[in-house]
Amino acid sequence: MTALSKAIRAPANVARRIVPAAVHDALLNVYDGMSYTFAGLPPRHLRAWISPLWFDFRDTGRDQLEFFVEIAGLQPSHRVLDIACGIGRLAIPLAGYLNERGGYEGFDIKQELIEWCQSKITARKRNFRFQTADVATSWSPNGRFSVDNYRFPYSDRSFDFAYAGSIFTHILPNGAANYLNETARVLKPGGRLVSTWLVYNRRSVELTSTAATVKKNWNYDHGDFRVKSEDQPEASVAHEEAAIRKMYAEAGLEILEPFRPDASYHAGRIPDDRSVGIHLHYALSIVAIRSPSRID
């Protein structure tokens with residue numbers, strides 16, 4: 001966490017301990033109103049939609065951008081697609097990295113998040129655009145399209161780089177295969193995709209004590225994937241490594257080995273209450289290239 005963001009948060013932390021709830025809430029509203037101007041932070045209630053607040057918003061966005069540049073070859077002139085862009089955790093640091101030849105497109109199912117990004121980020125950077133995805137999920141039940149057949153609203157071969165952060169962790173295999181195919185379609189030949197997954201290896205689980213952890217976090221086994229809840233399977237989905245590799249190959253995406261720790265969601269960020277973050281040991285990033293031989 002930066003010194004500036006700590007300073008901005010300090011009044012709210014003190015207020016929570018010493019002032020009445022009504023006054024505390026009023027101070028939080030003031031803090032939220034200033035947080036983007038002074039610390040590059042969206043309001044807390046919007047950040048809570050995309051991840052627990054114990055993930056530092058600024059640091060996770062910065063670390064992800066560094067990963068893109070260092071490991072995946074992102075360039076300032078690239079056109080970037082942010083799949084399930086949330087509340088701009090990646091868009092905000094990218095706005096200071098991409099130049100006027102580059103550009104950014106982001107989409108998400110939550111209209112409230114998109115409207116905030118449009119009003120704050122697009123207002124400052126006209127080559128950064130956001131739109132709501134009309135997709136039916138547990139969090140957007142009125143969407144017109146299913147994850148399994150949603151077509152990204154972009155032309156073929158229109159992006160140099162794509163990011164799918166913490167979305168395949170909430171999509172079952174048919175939807176994941178569709179999103180990989182759609183990403184490959186809109187990438188230029190040789191374009192890069194960085195995506196994050198909850199990954200387990202069936203053979204490794206059988207041979208180690210991790211079986212207990214895997215079963216505890218994703219108790220329901222469906223062969224090539226496991227879920228935390230049968231009532232709401234999208235809440236958390238872990239995919240078997242071999243199944244992931246097959247989906248990538250079928251989409252015409254070549255994986256750049258190895259799978260790597262996720263730059264944002266990794267075990268180093270597990271809070272003191274270990275039980276709420278132990279699953280992050282299974283959070284991995286996959287870097288892939290769209291094969292030049294893929295036929296759209």
# chains A, B, ... in the order shown; residues from 1 in each chain; ligands from 1
call {"tool": "residues_around", "arguments": {"residues": "A:Ser146", "least_positions_apart": "4", "cutoff": "6 Å", "atoms": "only C-alpha atoms", "output": "NGL selection string"}}
result
:A and (135-136 or 150)
call {"tool": "write_last_selection", "arguments": {"atoms": "N, CA and C atoms", "output": "PDB file, in the first residue's frame"}}
result
ATOM      1  N   VAL A 135     -24.926 -10.198 -20.215  1.00  0.00           N
ATOM      2  CA  VAL A 135     -24.720 -11.628 -19.992  1.00  0.00           C
ATOM      3  C   VAL A 135     -25.451 -12.055 -18.731  1.00  0.00           C
ATOM      4  N   ALA A 136     -26.133 -13.190 -18.801  1.00  0.00           N
ATOM      5  CA  ALA A 136     -26.857 -13.736 -17.656  1.00  0.00           C
ATOM      6  C   ALA A 136     -25.906 -14.542 -16.780  1.00  0.00           C
ATOM      7  N   TYR A 150     -22.101 -15.990 -25.518  1.00  0.00           N
ATOM      8  CA  TYR A 150     -21.906 -14.543 -25.630  1.00  0.00           C
ATOM      9  C   TYR A 150     -20.798 -14.236 -26.643  1.00  0.00           C
TER      10      TYR A 150
END
call {"tool": "residues_around", "arguments": {"residues": "stretch 87-95 of chain A", "least_positions_apart": "4", "cutoff": "10 Å", "atoms": "only C-alpha atoms", "output": "number ranges by chain"}}
result
A: 36, 40-43, 46-50, 57-66, 76, 80-82, 99, 102-106, 108, 110, 112-118, 120-122, 124-125, 127-130, 163, 165
call {"tool": "closest_residue", "arguments": {"among": "A:Pro153, A:Gly190, A:Pro271, A:Gly86", "to": "A:Ser51", "atoms": "only C-alpha atoms"}}
result
A:Gly86
call {"tool": "select_by_dssp", "arguments": {"residues": "stretch 83-124 of chain A", "states": "strand (DSSP E)", "output": "list in words"}}
result
Ile83, Gly103, Tyr104, Glu105, Gly106, Phe107 and Asp108 of chain A
call {"tool": "write_last_selection", "arguments": {"atoms": "N, CA, C and O atoms", "output": "mmCIF file, in the first residue's frame"}}
result
data_model
loop_
_atom_site.group_PDB
_atom_site.id
_atom_site.type_symbol
_atom_site.label_atom_id
_atom_site.label_comp_id
_atom_site.auth_asym_id
_atom_site.auth_seq_id
_atom_site.Cartn_x
_atom_site.Cartn_y
_atom_site.Cartn_z
ATOM 1 N N ILE A 83 -11.295 -8.087 -20.115
ATOM 2 C CA ILE A 83 -12.494 -8.926 -20.028
ATOM 3 C C ILE A 83 -12.928 -8.994 -18.569
ATOM 4 O O ILE A 83 -12.159 -9.403 -17.707
ATOM 5 N N GLY A 103 -4.798 1.938 -26.908
ATOM 6 C CA GLY A 103 -6.194 2.117 -26.534
ATOM 7 C C GLY A 103 -6.647 1.001 -25.628
ATOM 8 O O GLY A 103 -5.974 -0.025 -25.486
ATOM 9 N N TYR A 104 -7.796 1.184 -25.045
ATOM 10 C CA TYR A 104 -8.318 0.242 -24.045
ATOM 11 C C TYR A 104 -9.816 0.100 -24.226
ATOM 12 O O TYR A 104 -10.534 1.089 -24.421
ATOM 13 N N GLU A 105 -10.275 -1.149 -24.161
ATOM 14 C CA GLU A 105 -11.707 -1.455 -24.121
ATOM 15 C C GLU A 105 -11.944 -2.413 -22.957
ATOM 16 O O GLU A 105 -11.211 -3.401 -22.800
ATOM 17 N N GLY A 106 -12.960 -2.105 -22.163
ATOM 18 C CA GLY A 106 -13.303 -2.989 -21.053
ATOM 19 C C GLY A 106 -14.786 -3.256 -21.009
ATOM 20 O O GLY A 106 -15.591 -2.386 -21.356
ATOM 21 N N PHE A 107 -15.156 -4.468 -20.615
ATOM 22 C CA PHE A 107 -16.581 -4.756 -20.421
ATOM 23 C C PHE A 107 -16.787 -5.565 -19.148
ATOM 24 O O PHE A 107 -15.897 -6.273 -18.680
ATOM 25 N N ASP A 108 -17.986 -5.422 -18.583
ATOM 26 C CA ASP A 108 -18.325 -6.102 -17.340
ATOM 27 C C ASP A 108 -19.839 -6.213 -17.256
ATOM 28 O O ASP A 108 -20.567 -5.437 -17.885
#
call {"tool": "atom_distance", "arguments": {"atom1": "atom CA of A:Leu74", "atom2": "atom CA of A:Arg245"}}
result
22.9 Å
call {"tool": "atom_distance", "arguments": {"atom1": "atom CA of A:Trp197", "atom2": "atom CA of A:Ser275"}}
result
19.4 Å
call {"tool": "closest_residue", "arguments": {"among": "A:Asp224, A:Arg101, A:Ala283, A:Arg294", "to": "A:Lys246", "atoms": "only C-alpha atoms"}}
result
A:Asp224
call {"tool": "atom_distance", "arguments": {"atom1": "atom CA of A:Leu256", "atom2": "atom CA of A:Pro189"}}
result
14.9 Å
call {"tool": "select_by_dssp", "arguments": {"residues": "stretch 67-223 of chain A", "states": "helix (DSSP H, G or I)", "output": "VMD selection string"}}
result
chain A and resid 67 to 72 91 to 95 111 to 122 168 to 170 173 to 186 202 to 207 210 to 217
call {"tool": "residues_around", "arguments": {"residues": "stretch 171-180 of chain A", "least_positions_apart": "6", "cutoff": "10 Å", "atoms": "only C-alpha atoms", "output": "ChimeraX atom specification"}}
result
/A:83,137,146-152,164,193,195,197,224-227,233-239,243-244,246-253
